[in-house]
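**Student:** After the C-alpha cells below, expect a handful of questions from me.
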Amino acid sequence: MIQEILGSQLGLSICIICLGLAVILTADAYCIYFERKVSAWMQDRYGPNRVGPLGLLQPLADGIKFILKEEFIPARADKILFYIAPALGVIIALVGFVILPIGGRVHWSWMPEGTTLLAQGASVDIGVLYLLAVGSLTVYGVVLGGWASNNKYAFYGAMRSAAQMLSYEVPLGLALMTLILTMGQLRLEGIVTGQIDSAWNAFLHPVAFLIMLITALAETNRAPFDLAEAEQELIGGYHTEYSSMKFAQFFLAEYTHMITASGLLTALFLGGYEVLPFSRLLAGVNGLSWLYWISTSVSPWAMVLRMAVFCGKISFFIFVMMWLRWTLVRFRFDQLMRLSWKALVPIGMAIVVVQGVLLYFGRPISWISTAAEIGILVIAAMISLLSGKPITGRQLSLVEDDEHAIRPSKTPVTV
Amino acid sequence: MNVNTWLEPIVFFLFAGVVLFSAIGIVLTRNIVRAALFLLGTLGGVAGLYFLLMANLLAAIQLIVYAGGTLVLIVFGVMLTSKSPWVRFAPSRSEAAAATTIGLVLFAALAKIVTGIDWTVAAHPADQPATVRQVGNLLLQQYLVPFEVASVLLLVVMIGAAYLARPEN
Amino acid sequence: MTSLAQSAGSLSPGFGPILFLLIVALGLAAAIMLISHIPFKLRRTGRVKETTYESGMPPIGDARRRFNVRFYLVAMLFLLFDVELVFMYPWAVVFFRTAKTGASTDWAIPFIGNAGLTGFLFAEMAVFFAILLIGYVYAWRKGVFRWE
C-alpha cells in the first residue's frame with residue numbers, strides 16, 4: 001500500500017505536500033523564536049530563555065497565548081472583511097511553496113528499472129510564473145485587513161504596503177526575464193538541473209541576483225522595507241487592530257512568504273539542492289565524487305540529502321533576512337519608490353537588453369554575462385554619482401518658500 | 001488509475017460555482033470594497049477554469065494581470081474616490097434600469113455565440129497543456145501585428161497616466 | 001546517460017497536487033480562525049474599548065479617507081509593466097530555443113526563411129521594448145517617479 005502510494009507520482013507529490021506543510025507550519029513558529037534569538041544576540045541580550053531548555057518551547061507558549069487571547073473587533077469595522085483578510089493572506093502564502101524543486105528525481109527499489117519520479121509538490125510548465133501569479137495576490141490580505149480595521153494607521157500601512165509590493169514586482173519580473181533568457185524555460189526543476197550542468201546563476205547573473213534579493217525583501221515586507229508596519233510612525237501598520245489567532249495568521253503568512261521567497265532564491269540562483277557549485281567538475285577530484293552523487297543520483301538517500309541541502313539554503317536566506325533586519329535602518333517612503341522605479345527598473349531593463357543581445361550572438365562564453373552585468377552596475381553607479389544628486393534623495397522643507405529650506409544643490413557633489 | 005474522469009467535473013463545478021457565486025455577489029453587494037473582493041473570487045475562479053483547460057499561461061496571466069494588477073487598480077480607485085465612511089452606493093432607478101438593459105444585451109450576445117458554436121470539436125479537450133513555447137510561437141508569428149500594436153497601446157496609456165497625474169507646480 | 005535538463009521536462013505531476021494544497025490551505029485557515037473561538041473567554045465590550053487605537057487619542061473622523069493620487073499612478077505603471085513582461089515571457093522562451101538551435105521546425109516565415117529567424121525575433125522584441133522605453137522616459141521626465 002505504502003509502496004503503491006509512494007510509487008505513483010500523484011501519491012508522492014501529495015506526501016511531499018503534507019510533509020512540506022507540517023515543516024513550514026513548524027518552521028514558521030520557530031522562525032519567530034529565532035527572530036527573537038537573533039535580535040537578542042545582535043543586541044547582546046539573552047532572548048527568550050524561560051520556557052523549556054534555551055527557551056525552545058517558547059513557540060508552543062506563544063501559540064497557546066494566541067488561542068486564549070480575546071478576539072477584538074473595532075467599532076465600525078467591516079466585520080466580514082476583517083475576518084477574511086488574514087485567512088486570505090494565509091491561504092495565498094501557503095499555496096506558493098508547492099512548486100519548489102526540493103528533491104530532484106527519485107527511484108524506489110520496488111519500481112521497475114529505469115523509471116523515476118519527481119520528488120516535489122507539483123511541476124508545471126509555467127513554473128516561476130505560478131509563483132509570480134500567487135505572489136501578486138498577496139496584496140489583498142494586507143489591503144483588505146488595513147481597510148476593514150477602520151484605523152487610520154492600519155489604512156496608511158496597507159496603502160504603503162500595496163504600493164511597495166506593486167513597485168517591486170516590476171524589477172522582480174525583469175530579473176526573472178534574464179534567467180529565462182539564459183535557461184530557456186520557466187520550470188523550476190529545469191532551472192536547477194541547468195545550473196548543475198553549468199554554473200550557479202548567482203555567478204552568471206550577479207546583478208539579477210542582487211535585484212531579486214532586494215525585491216524578495218520588499219515583497220515579504222521585511223526590513224529595511226517594513227514600512228507597512230513601521231512601529232515608530234504607524235504603530236503596527238495594517239495589523240494594528242488585530243488580536244488573537246487573526247493576528248497569528250498575519251504572522252504565519254509573513255513567515256511563510258519568507259520561506260517561499262528563500263526557496264525561490266535558492267532554486268533560481270543558488271543551484272537548488274546542489275551542495276557546492278561546480279560539483280560536476282569537482283567530481284573528478286579524488287574524494288569529492290559524492291558531491292555530484294548527491295546532486296544527480298536517483299537513490300532515495302540522495303533525495304533525502306538533497307531536501308536537507310535545500311532546507312539548509314532556505315535557512316541561510318532566512319538568517320540573512322533576520323541579520324539585515326537588525327542591521328539596516330528602514331527606508332523612507334520616497335527613497336523606497338526611488339530605489340525601485342529609478343534604480344532597479346532601469347538596471348533590470350538594461351540587463352534584460354544585454355542578455356537578449358548576448359543570446360542573439362549565441363553567448364559564446366558563458367561568463368560574458370557576468371562581466372556584462374557587473375559592467376552595467378558600474379555604469380549605473382557612475383551615472384548616479386555624476387548626476388550630482390545625493391543618494392538618499394532630497395527633502396524639501398515643509399514650509400513653502402522658506403528661505404532656510406534645503407534646496408537641491410545644482411553643483412555636482414565632490415567626493 | 002485515472003482520477004481525472006471523475007475528478008474533473010467536480011473541480012469544474014467547484015470553480016464554476018465560485019465564479020457564479022462571486023459574480024452574483026458583485027451585483028448584489030452595496031459595499032464597493034466587498035464588490036472588489038467578490039471580483040477577486042470571479043477572476044480567481046476563471047483562472048482555475050483556465051488551469052482545468054490546461055491553458056496554463058493564460059491562467060497565470062489572468063492571475064498576474066487581472067487579479068494582481070487591474071483589481072488593485074480598481075481597489076485603489078475605489079478607495080481614492082470614496083467619501084462616505086462605508087463606501088456604499090445606492091444606484092437610482094434609472095441607473096439600475098440602464099445596467100439591467102446593458103446586462104441583458106450582453107447576455108443575449110453571449111448566449112447567441114454559445115449556442116452558435118459547434119461544440120463537437122471542443123469536446124475533445126487538449127490532453128497536452130498548451131506550453132509557453134506554443135503560445136509564444138503563435139504570438140510572434142500569426143498574431144505579430146496585434147503583439148506590436150499592444151506596445152503602442154501601452155505607450156499611450158503610460159503617457160496618458162503620466163500626463164494626467166503629473167505633480168502640480 | 002541522458003542529460004538531466006532533458007529528463008526534467010518529460011513528466012509533469014500537473015495541477016492535481018496544487019488543487020489538493022489549495023483545499024488543505026482553505027481548511028487550515030478556517031480551522032485557525034475557529035480554534036480561538038472554542039475556549040471560554042472573558043469578553044467585554046464598550047464604546048471606549050471598541051474605539052480604534054490611535055496612541056490614546058480619541059479618533060477623529062473616519063479612517064477611510066482619500067489619499068494621494070500617486071498611489072493610483074503607481075498601480076497604473078505597475079500594470080503597464082506587468083503586461084509588458086507578460087508578453088516577454090513567451091518571447092524569451094521562443095527566442096532562447098531559436099537562438100540555441102538555429103532554425104526551428106515550428107516556424108515558416110515567408111520572405112525571410114529560417115536563416116534570419118533569430119534576427120527577426122530579436123527585432124520584434126526590440127521594437128516592442130523601444131516603444132515602451134519611450135513611455136518610461138516620458139514618465140520619468142514628467143516627474144512621475146518623484147516623491148517628495
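A note on labels: chains of the C-alpha cells are A, B, ... as shown, every chain counts residues from 1, and ligands are counted from 1 in their shown order.
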So which residues touch Leu42 in chain C within 12 Å, counting only C-alpha atoms, skipping near sequence neighbours fewer than 2 positions away, as an MDAnalysis selection string?
**Tutor:** (chainID A and resid 68:72) or (chainID C and resid 37 39:40 44:45)
**Student:** Export N, CA and C atoms of the chosen residues as a CSV table (one decimal), in the first residue's frame?
**Tutor:**
chain,number,residue,atom,x,y,z
A,68,LEU,N,-5.8,31.8,23.4
A,68,LEU,CA,-6.5,32.3,24.5
A,68,LEU,C,-6.8,33.8,24.5
A,69,LYS,N,-6.1,34.5,23.7
A,69,LYS,CA,-6.3,36.0,23.7
A,69,LYS,C,-7.7,36.3,23.2
A,70,GLU,N,-8.2,37.5,23.7
A,70,GLU,CA,-9.5,37.9,23.3
A,70,GLU,C,-9.6,38.3,21.9
A,71,GLU,N,-10.7,38.0,21.2
A,71,GLU,CA,-10.9,38.4,19.9
A,71,GLU,C,-11.4,39.9,19.9
A,72,PHE,N,-10.8,40.7,19.2
A,72,PHE,CA,-11.2,42.1,19.3
A,72,PHE,C,-11.6,42.6,17.9
C,37,HIS,N,-12.0,30.5,18.9
C,37,HIS,CA,-13.4,30.8,19.4
C,37,HIS,C,-13.9,29.7,20.3
C,39,PRO,N,-12.3,28.1,23.2
C,39,PRO,CA,-12.2,28.2,24.6
C,39,PRO,C,-13.0,29.3,25.2
C,40,PHE,N,-13.4,29.1,26.4
C,40,PHE,CA,-14.2,30.1,27.1
C,40,PHE,C,-13.4,31.3,27.3
C,44,ARG,N,-15.6,41.5,27.1
C,44,ARG,CA,-16.3,42.7,27.5
C,44,ARG,C,-16.2,43.7,26.4
C,45,THR,N,-17.3,44.3,26.1
C,45,THR,CA,-17.2,45.4,25.1
C,45,THR,C,-17.7,46.7,25.7
**Student:** Would you write out, as a tab-separated table, a table of all residues in chain B that have an atom no more than 6 Å from an atom of chain A, listing for each the closest atom pair and the distance in Å to one decimal, considering only C-alpha atoms and ordering rows by chain and rising residue number?
**Tutor:**
residue	atom	partner	partner_atom	distance
B:Ala60	CA	A:Ala133	CA	5.7
B:Leu63	CA	A:Ala133	CA	5.3
B:Ile64	CA	A:Ala133	CA	4.7
B:Gly68	CA	A:Ser136	CA	4.8
**Student:** Using only N, CA and C atoms, please write the residues we just selected to a file, as a PDB file, in the first residue's frame.
**Tutor:**
ATOM      1  N   ALA B  60      -2.106  31.880 -15.636  1.00  0.00           N
ATOM      2  CA  ALA B  60      -1.136  32.673 -14.882  1.00  0.00           C
ATOM      3  C   ALA B  60      -1.285  34.150 -15.217  1.00  0.00           C
ATOM      4  N   LEU B  63      -4.205  35.633 -13.500  1.00  0.00           N
ATOM      5  CA  LEU B  63      -3.936  35.963 -12.100  1.00  0.00           C
ATOM      6  C   LEU B  63      -3.018  37.174 -11.993  1.00  0.00           C
ATOM      7  N   ILE B  64      -1.951  37.207 -12.810  1.00  0.00           N
ATOM      8  CA  ILE B  64      -0.961  38.270 -12.659  1.00  0.00           C
ATOM      9  C   ILE B  64      -1.550  39.608 -13.084  1.00  0.00           C
ATOM     10  N   GLY B  68      -4.044  40.377  -9.959  1.00  0.00           N
ATOM     11  CA  GLY B  68      -2.973  41.040  -9.219  1.00  0.00           C
ATOM     12  C   GLY B  68      -2.735  42.479  -9.633  1.00  0.00           C
TER      13      GLY B  68
END
**Student:** Report as a list in words: the residues of range 29-244 of chain A with a DSSP assignment of strand (DSSP E), based on the backbone of this structure.
**Tutor:**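 Answer for range 29-244 of chain A restricted to strand (DSSP E) is Arg105, Val106, Leu117 and Leu118 of chain A.
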**Student:** Would you write out those residues with N, CA and C atoms, as a CSV table (one decimal), in the first residue's frame?
**Tutor:**
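Full text of part05.csv as output:
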chain,number,residue,atom,x,y,z
A,105,ARG,N,15.0,13.9,-8.8
A,105,ARG,CA,14.4,12.6,-9.2
A,105,ARG,C,14.7,11.5,-8.3
A,106,VAL,N,13.8,10.6,-8.1
A,106,VAL,CA,14.0,9.5,-7.2
A,106,VAL,C,13.5,8.2,-7.8
A,117,LEU,N,10.6,9.1,-10.4
A,117,LEU,CA,9.6,10.1,-10.0
A,117,LEU,C,10.2,11.4,-9.6
A,118,LEU,N,9.4,12.5,-9.8
A,118,LEU,CA,9.9,13.8,-9.4
A,118,LEU,C,9.5,14.0,-8.0
**Student:** What does the structure give for the distance between CA of Arg30 in chain B and CA of Ala90 in chain B, in Å to one decimal?
**Tutor:**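 Separation between CA of Arg30 in chain B and CA of Ala90 in chain B: 6.9 Å.
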**Student:** Within 7 Å of chain B, which residues of chain C come that close, and what is the closest atom pair and distance in Å for each? Count only C-alpha atoms and give it as CSV.
**Tutor:**
residue,atom,partner,partner_atom,distance
C:Asp62,CA,B:Pro85,CA,6.3
C:Arg64,CA,B:Pro85,CA,6.4
C:Arg65,CA,B:Lys83,CA,6.9
C:Arg66,CA,B:Leu80,CA,5.1
C:Phe67,CA,B:Leu80,CA,6.0
C:Tyr72,CA,B:Phe76,CA,5.9
C:Leu73,CA,B:Ala161,CA,6.8
C:Ala75,CA,B:Leu73,CA,5.6
C:Met76,CA,B:Leu73,CA,6.6
C:Leu77,CA,B:Met158,CA,6.8
C:Leu79,CA,B:Gly69,CA,5.3
C:Leu80,CA,B:Leu154,CA,6.2
C:Asp82,CA,B:Val65,CA,6.6
C:Val83,CA,B:Val65,CA,6.6
C:Val86,CA,B:Ile61,CA,6.8
C:Pro90,CA,B:Gly136,CA,4.4
C:Trp91,CA,B:Gly136,CA,5.5
C:Val93,CA,B:Arg133,CA,6.0
C:Val94,CA,B:Arg133,CA,5.6
C:Phe128,CA,B:Ser151,CA,5.7
C:Ile131,CA,B:Ser151,CA,6.4
C:Leu132,CA,B:Leu155,CA,5.7
C:Gly135,CA,B:Leu155,CA,5.2
C:Tyr138,CA,B:Ile159,CA,6.8
C:Ala139,CA,B:Ala162,CA,5.4
C:Lys142,CA,B:Arg166,CA,6.3
C:Gly143,CA,B:Arg166,CA,6.7
C:Val144,CA,B:Arg166,CA,6.1
**Student:** Which of these, C:Trp147, C:Ala123, C:Ile38, C:Arg141, has the shortest distance to chain A once you count only C-alpha atoms?
**Tutor:**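 Looking only at the distances to chain A, the closest residue turns out to be C:Trp147.
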**Student:** Can you tell me, as JSON, numbers by chain, what residues are no more than 6 Å from range 343-356 of chain A when counting only C-alpha atoms, ignoring any on the same chain fewer than 3 positions away?
**Tutor:** {"A": [171, 174, 178, 339, 340, 359]}
**Student:** Quick one: residues within 12 Å of Lys49 in chain C, only C-alpha atoms counted, chain neighbours fewer than 2 positions away excluded, as JSON, numbers by chain?
**Tutor:** {"A": [72, 73, 74, 75, 241], "C": [43, 44, 45, 46, 47, 51, 52, 53, 56, 58]}
**Student:** Mind checking DSSP for chain B and telling me the alpha helix (DSSP H) residues as a ChimeraX atom specification?
**Tutor:** /B:4-28,32-52,56-61,71-81,93-116,119-122,132-141,144-164
**Student:** So, counting only C-alpha atoms, which residue among C:Gly119, C:Glu54, C:Phe71, C:Phe129 is closest to Glu84 in chain C?
**Tutor:**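 Going through C:Gly119, C:Glu54, C:Phe71, C:Phe129 one by one, the smallest distance to Glu84 in chain C is for C:Phe129.
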**Student:** For Phe12 in chain B, please output as a list in words all residues within 12 Å (counting only C-alpha atoms; exclusion window: fewer than 3 positions along the same chain).
**Tutor:**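 Using only C-alpha atoms, the neighbours found are Asn4, Thr5, Trp6, Leu7, Glu8, Pro9, Phe15, Ala16, Gly17, Val18, Val19, Leu20, Gly45, Val46, Ala47, Gly48, Leu49, Tyr50, Phe51, Leu52 and Leu53 of chain B; Leu19 of chain C.
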**Student:** Take the residues just selected and output them with N, CA and C atoms as a PDB file, in the first residue's frame.
**Tutor:**
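The resulting file, selection08.pdb, is reproduced below:
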ATOM      1  N   ASN B   4      -8.814  11.544 -13.277  1.00  0.00           N
ATOM      2  CA  ASN B   4      -9.361  12.710 -13.960  1.00  0.00           C
ATOM      3  C   ASN B   4     -10.812  12.547 -14.376  1.00  0.00           C
ATOM      4  N   THR B   5     -11.200  11.305 -14.750  1.00  0.00           N
ATOM      5  CA  THR B   5     -12.539  11.121 -15.302  1.00  0.00           C
ATOM      6  C   THR B   5     -13.629  11.546 -14.330  1.00  0.00           C
ATOM      7  N   TRP B   6     -13.435  11.261 -13.038  1.00  0.00           N
ATOM      8  CA  TRP B   6     -14.487  11.678 -12.097  1.00  0.00           C
ATOM      9  C   TRP B   6     -14.121  12.961 -11.361  1.00  0.00           C
ATOM     10  N   LEU B   7     -12.845  13.277 -11.295  1.00  0.00           N
ATOM     11  CA  LEU B   7     -12.457  14.471 -10.537  1.00  0.00           C
ATOM     12  C   LEU B   7     -12.709  15.742 -11.341  1.00  0.00           C
ATOM     13  N   GLU B   8     -12.520  15.636 -12.661  1.00  0.00           N
ATOM     14  CA  GLU B   8     -12.590  16.846 -13.478  1.00  0.00           C
ATOM     15  C   GLU B   8     -13.940  17.549 -13.410  1.00  0.00           C
ATOM     16  N   PRO B   9     -15.076  16.808 -13.554  1.00  0.00           N
ATOM     17  CA  PRO B   9     -16.367  17.506 -13.434  1.00  0.00           C
ATOM     18  C   PRO B   9     -16.545  18.180 -12.075  1.00  0.00           C
ATOM     19  N   PHE B  15     -15.131  25.355  -9.428  1.00  0.00           N
ATOM     20  CA  PHE B  15     -14.655  26.658  -9.906  1.00  0.00           C
ATOM     21  C   PHE B  15     -15.808  27.462 -10.505  1.00  0.00           C
ATOM     22  N   ALA B  16     -16.675  26.776 -11.272  1.00  0.00           N
ATOM     23  CA  ALA B  16     -17.798  27.475 -11.880  1.00  0.00           C
ATOM     24  C   ALA B  16     -18.702  28.044 -10.796  1.00  0.00           C
ATOM     25  N   GLY B  17     -18.882  27.259  -9.717  1.00  0.00           N
ATOM     26  CA  GLY B  17     -19.690  27.739  -8.605  1.00  0.00           C
ATOM     27  C   GLY B  17     -19.096  28.985  -7.971  1.00  0.00           C
ATOM     28  N   VAL B  18     -17.749  28.961  -7.789  1.00  0.00           N
ATOM     29  CA  VAL B  18     -17.074  30.127  -7.215  1.00  0.00           C
ATOM     30  C   VAL B  18     -17.301  31.346  -8.103  1.00  0.00           C
ATOM     31  N   VAL B  19     -17.143  31.146  -9.419  1.00  0.00           N
ATOM     32  CA  VAL B  19     -17.312  32.255 -10.358  1.00  0.00           C
ATOM     33  C   VAL B  19     -18.731  32.810 -10.270  1.00  0.00           C
ATOM     34  N   LEU B  20     -19.699  31.895 -10.298  1.00  0.00           N
ATOM     35  CA  LEU B  20     -21.100  32.320 -10.306  1.00  0.00           C
ATOM     36  C   LEU B  20     -21.459  33.036  -9.008  1.00  0.00           C
ATOM     37  N   GLY B  45     -11.580  32.296  -9.924  1.00  0.00           N
ATOM     38  CA  GLY B  45     -12.304  31.130 -10.400  1.00  0.00           C
ATOM     39  C   GLY B  45     -12.111  30.906 -11.888  1.00  0.00           C
ATOM     40  N   VAL B  46     -12.120  31.993 -12.654  1.00  0.00           N
ATOM     41  CA  VAL B  46     -11.896  31.877 -14.097  1.00  0.00           C
ATOM     42  C   VAL B  46     -10.481  31.367 -14.360  1.00  0.00           C
ATOM     43  N   ALA B  47      -9.525  31.853 -13.550  1.00  0.00           N
ATOM     44  CA  ALA B  47      -8.156  31.342 -13.688  1.00  0.00           C
ATOM     45  C   ALA B  47      -8.125  29.845 -13.419  1.00  0.00           C
ATOM     46  N   GLY B  48      -8.876  29.407 -12.406  1.00  0.00           N
ATOM     47  CA  GLY B  48      -8.963  27.980 -12.111  1.00  0.00           C
ATOM     48  C   GLY B  48      -9.516  27.204 -13.295  1.00  0.00           C
ATOM     49  N   LEU B  49     -10.538  27.761 -13.959  1.00  0.00           N
ATOM     50  CA  LEU B  49     -11.109  27.098 -15.139  1.00  0.00           C
ATOM     51  C   LEU B  49     -10.068  27.008 -16.256  1.00  0.00           C
ATOM     52  N   TYR B  50      -9.272  28.065 -16.401  1.00  0.00           N
ATOM     53  CA  TYR B  50      -8.206  28.022 -17.418  1.00  0.00           C
ATOM     54  C   TYR B  50      -7.206  26.916 -17.105  1.00  0.00           C
ATOM     55  N   PHE B  51      -6.842  26.801 -15.821  1.00  0.00           N
ATOM     56  CA  PHE B  51      -5.922  25.732 -15.423  1.00  0.00           C
ATOM     57  C   PHE B  51      -6.518  24.381 -15.786  1.00  0.00           C
ATOM     58  N   LEU B  52      -7.816  24.248 -15.553  1.00  0.00           N
ATOM     59  CA  LEU B  52      -8.504  22.991 -15.838  1.00  0.00           C
ATOM     60  C   LEU B  52      -8.466  22.682 -17.338  1.00  0.00           C
ATOM     61  N   LEU B  53      -8.506  23.730 -18.150  1.00  0.00           N
ATOM     62  CA  LEU B  53      -8.459  23.559 -19.601  1.00  0.00           C
ATOM     63  C   LEU B  53      -7.025  23.404 -20.109  1.00  0.00           C
TER      64      LEU B  53
ATOM     65  N   LEU C  19      -4.225  21.742  -6.472  1.00  0.00           N
ATOM     66  CA  LEU C  19      -5.629  21.798  -6.048  1.00  0.00           C
ATOM     67  C   LEU C  19      -5.776  21.215  -4.650  1.00  0.00           C
TER      68      LEU C  19
END
**Student:** To one decimal place, how far is CA of Val275 in chain A from CA of Pro206 in chain A in Å?
**Tutor:**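 A separation of 19.2 Å between them.
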**Student:** Distance CA of Met57 in chain C-CA of Phe155 in chain A, one decimal place?
**Tutor:**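 If I compute the distance from CA of Met57 in chain C to CA of Phe155 in chain A, I get 17.0 Å.
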